[in-house]
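Reviewing the structure listed below.
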Amino acid sequence: MPKMTDKQSMIASMAPVLQPGSFVFCSVINRDVAFDALSVARAMFVEAEGVSLLLPRSVADRLGLSDVLRMRQITLMVFSALEGVGLTAAVAETLEKEGIPTNIVAATLHDHVFVPSNRAEDAMKALRALQMKAQLSGSA
């Protein structure tokens with residue numbers, strides 16, 4: 001499937017899916033702990049202060065890592081191109097209007113939106129409304 005770059009098309013096709021489970025963002029300075037967690041991490045980024053990991057909550061609990069905020073993952077099922085402009089900004093703006101904190105991880109094939117567990121259904125409702133609006137304005 002070709003990857004989309006047009007903002008309107010990406011939003012109209014984004015098809016948000018709420019993934020099972022809950023996740024936490026953790027910062028790890030102990031290399032052994034980071035290495036143990038890496039195989040199950042959803043994402044990893046090396047920062048000057050340590051390794052940031054996005055872990056299933058159960059793994060973070062088992063490793064004794066900070067569980068500051070439980071998050072849910074919403075995957076945008078559109079095949080957006082890395083050079084596409086506007087999808088993540090539109091998603092962030094929509095969720096910001098609803099007062100929903102948002103962390104977006106852009107991967108090669110899809111974008112993944114992490115929101116507080118207690119706001120996941122609200123986020124899904126807002127993202128579906130954004131998608132529907134883009135679909136309706138594209139068919140006009």
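Lettering and numbering for the structure tokens are positional, with chains as A, B, ... in the shown order, residues counted from 1 in each chain, and ligands counted from 1 in the shown order.
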
Members of segment 23-131 of chain A assigned alpha helix (DSSP H) by DSSP, as a ChimeraX atom specification: /A:31-38,57-62,87-97,120-131

Write out, as a PDB file, in the first residue's frame, the residues just selected, with C-alpha atoms.
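Produced file part.pdb, reproduced below:
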ATOM      1  CA  ARG A  31      22.382  -0.286  31.750  1.00  0.00           C
ATOM      2  CA  ASP A  32      21.603  -3.819  32.996  1.00  0.00           C
ATOM      3  CA  VAL A  33      17.981  -2.906  33.771  1.00  0.00           C
ATOM      4  CA  ALA A  34      17.659  -1.117  30.425  1.00  0.00           C
ATOM      5  CA  PHE A  35      19.069  -4.163  28.609  1.00  0.00           C
ATOM      6  CA  ASP A  36      16.640  -6.503  30.408  1.00  0.00           C
ATOM      7  CA  ALA A  37      13.672  -4.311  29.496  1.00  0.00           C
ATOM      8  CA  LEU A  38      14.662  -3.585  25.914  1.00  0.00           C
ATOM      9  CA  ARG A  57       3.090  -1.577  32.937  1.00  0.00           C
ATOM     10  CA  SER A  58       3.552  -5.133  34.203  1.00  0.00           C
ATOM     11  CA  VAL A  59       7.187  -5.154  33.045  1.00  0.00           C
ATOM     12  CA  ALA A  60       7.886  -1.746  34.602  1.00  0.00           C
ATOM     13  CA  ASP A  61       6.373  -2.960  37.877  1.00  0.00           C
ATOM     14  CA  ARG A  62       8.458  -6.157  37.807  1.00  0.00           C
ATOM     15  CA  LEU A  87      -1.320  14.296  10.888  1.00  0.00           C
ATOM     16  CA  THR A  88       0.338  14.312  14.296  1.00  0.00           C
ATOM     17  CA  ALA A  89      -0.242  18.048  14.682  1.00  0.00           C
ATOM     18  CA  ALA A  90      -3.970  17.594  13.972  1.00  0.00           C
ATOM     19  CA  VAL A  91      -4.182  14.687  16.428  1.00  0.00           C
ATOM     20  CA  ALA A  92      -2.316  16.601  19.146  1.00  0.00           C
ATOM     21  CA  GLU A  93      -4.442  19.718  18.611  1.00  0.00           C
ATOM     22  CA  THR A  94      -7.686  17.733  18.743  1.00  0.00           C
ATOM     23  CA  LEU A  95      -6.717  16.015  21.980  1.00  0.00           C
ATOM     24  CA  GLU A  96      -5.385  19.269  23.445  1.00  0.00           C
ATOM     25  CA  LYS A  97      -8.825  20.836  22.908  1.00  0.00           C
ATOM     26  CA  ALA A 120      -8.492   6.614  26.456  1.00  0.00           C
ATOM     27  CA  GLU A 121     -12.183   6.370  25.541  1.00  0.00           C
ATOM     28  CA  ASP A 122     -12.473  10.172  25.393  1.00  0.00           C
ATOM     29  CA  ALA A 123      -9.449  10.247  23.087  1.00  0.00           C
ATOM     30  CA  MET A 124     -10.937   7.571  20.824  1.00  0.00           C
ATOM     31  CA  LYS A 125     -14.188   9.536  20.570  1.00  0.00           C
ATOM     32  CA  ALA A 126     -12.329  12.756  19.691  1.00  0.00           C
ATOM     33  CA  LEU A 127     -10.120  11.031  17.104  1.00  0.00           C
ATOM     34  CA  ARG A 128     -13.073   9.302  15.451  1.00  0.00           C
ATOM     35  CA  ALA A 129     -14.844  12.674  15.232  1.00  0.00           C
ATOM     36  CA  LEU A 130     -11.738  14.219  13.649  1.00  0.00           C
ATOM     37  CA  GLN A 131     -11.581  11.372  11.137  1.00  0.00           C
TER      38      GLN A 131
END

If you count only C-alpha atoms, which residues fall within 9 Å of segment 70-76 of chain A, apart from same-chain ones fewer than 2 positions away, as a PDB file with C-alpha atoms, in the first residue's frame?
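Written file, out_32.pdb:
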ATOM      1  CA  SER A  13      -7.926   7.364   6.725  1.00  0.00           C
ATOM      2  CA  MET A  14      -6.312   7.251  10.167  1.00  0.00           C
ATOM      3  CA  ALA A  15      -8.676   4.596  11.681  1.00  0.00           C
ATOM      4  CA  PRO A  16      -7.649   4.812  15.375  1.00  0.00           C
ATOM      5  CA  VAL A  17      -7.473   1.479  17.216  1.00  0.00           C
ATOM      6  CA  LEU A  18      -7.201   1.258  21.003  1.00  0.00           C
ATOM      7  CA  GLN A  19      -4.619  -1.401  21.843  1.00  0.00           C
ATOM      8  CA  PRO A  20      -4.944  -3.698  24.867  1.00  0.00           C
ATOM      9  CA  GLY A  21      -2.868  -3.176  27.970  1.00  0.00           C
ATOM     10  CA  SER A  22      -1.375  -0.184  29.715  1.00  0.00           C
ATOM     11  CA  PHE A  23       2.086   1.311  29.368  1.00  0.00           C
ATOM     12  CA  VAL A  24       4.456   3.626  31.198  1.00  0.00           C
ATOM     13  CA  PHE A  25       7.281   5.900  30.101  1.00  0.00           C
ATOM     14  CA  ARG A  57       3.090  -1.577  32.937  1.00  0.00           C
ATOM     15  CA  ASP A  67       5.040   4.146  37.282  1.00  0.00           C
ATOM     16  CA  VAL A  68       4.140   7.813  37.126  1.00  0.00           C
ATOM     17  CA  VAL A  78      -3.146   4.870   8.205  1.00  0.00           C
ATOM     18  CA  PHE A  79       0.061   4.237   6.270  1.00  0.00           C
ATOM     19  CA  HIS A 110       2.058   3.966  11.784  1.00  0.00           C
ATOM     20  CA  ASP A 111       1.801   6.685  14.403  1.00  0.00           C
ATOM     21  CA  HIS A 112       0.982   5.649  17.968  1.00  0.00           C
ATOM     22  CA  VAL A 113      -0.769   7.979  20.379  1.00  0.00           C
ATOM     23  CA  PHE A 114      -0.325   7.427  24.114  1.00  0.00           C
ATOM     24  CA  VAL A 115      -2.904   8.971  26.428  1.00  0.00           C
ATOM     25  CA  PRO A 116      -3.662   8.567  30.145  1.00  0.00           C
ATOM     26  CA  SER A 117      -5.574   5.333  30.743  1.00  0.00           C
ATOM     27  CA  ASN A 118      -8.548   7.125  32.264  1.00  0.00           C
ATOM     28  CA  ARG A 119      -8.932   9.317  29.129  1.00  0.00           C
ATOM     29  CA  ALA A 120      -8.492   6.614  26.456  1.00  0.00           C
ATOM     30  CA  ALA A 123      -9.449  10.247  23.087  1.00  0.00           C
ATOM     31  CA  MET A 124     -10.937   7.571  20.824  1.00  0.00           C
TER      32      MET A 124
END

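Backbone DSSP over segment 20-106 of chain A gives strand (DSSP E) for Phe23, Val24, Phe25, Cys26, Ser27, Val28, Ala43, Met44, Phe45, Val46, Glu47, Gly50, Val51, Ser52, Leu53, Leu54, Leu55, Pro56, Met71, Arg72, Gln73, Ile74, Thr75, Leu76, Asn103, Ile104, Val105 and Ala106 of chain A.
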
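Atom pair atom CA of Glu47 of chain A / atom CA of Leu65 of chain A: separated by 16.9 Å.
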
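Put simply, atom CA of Met10 of chain A is 23.0 Å away from atom CA of Gly99 of chain A.
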
If you measure from atom CA of Ala107 of chain A to atom CA of Gly50 of chain A, what distance in Å do you get, rounded to one decimal?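 Taking atom CA of Ala107 of chain A and atom CA of Gly50 of chain A, their separation equals 21.2 Å.
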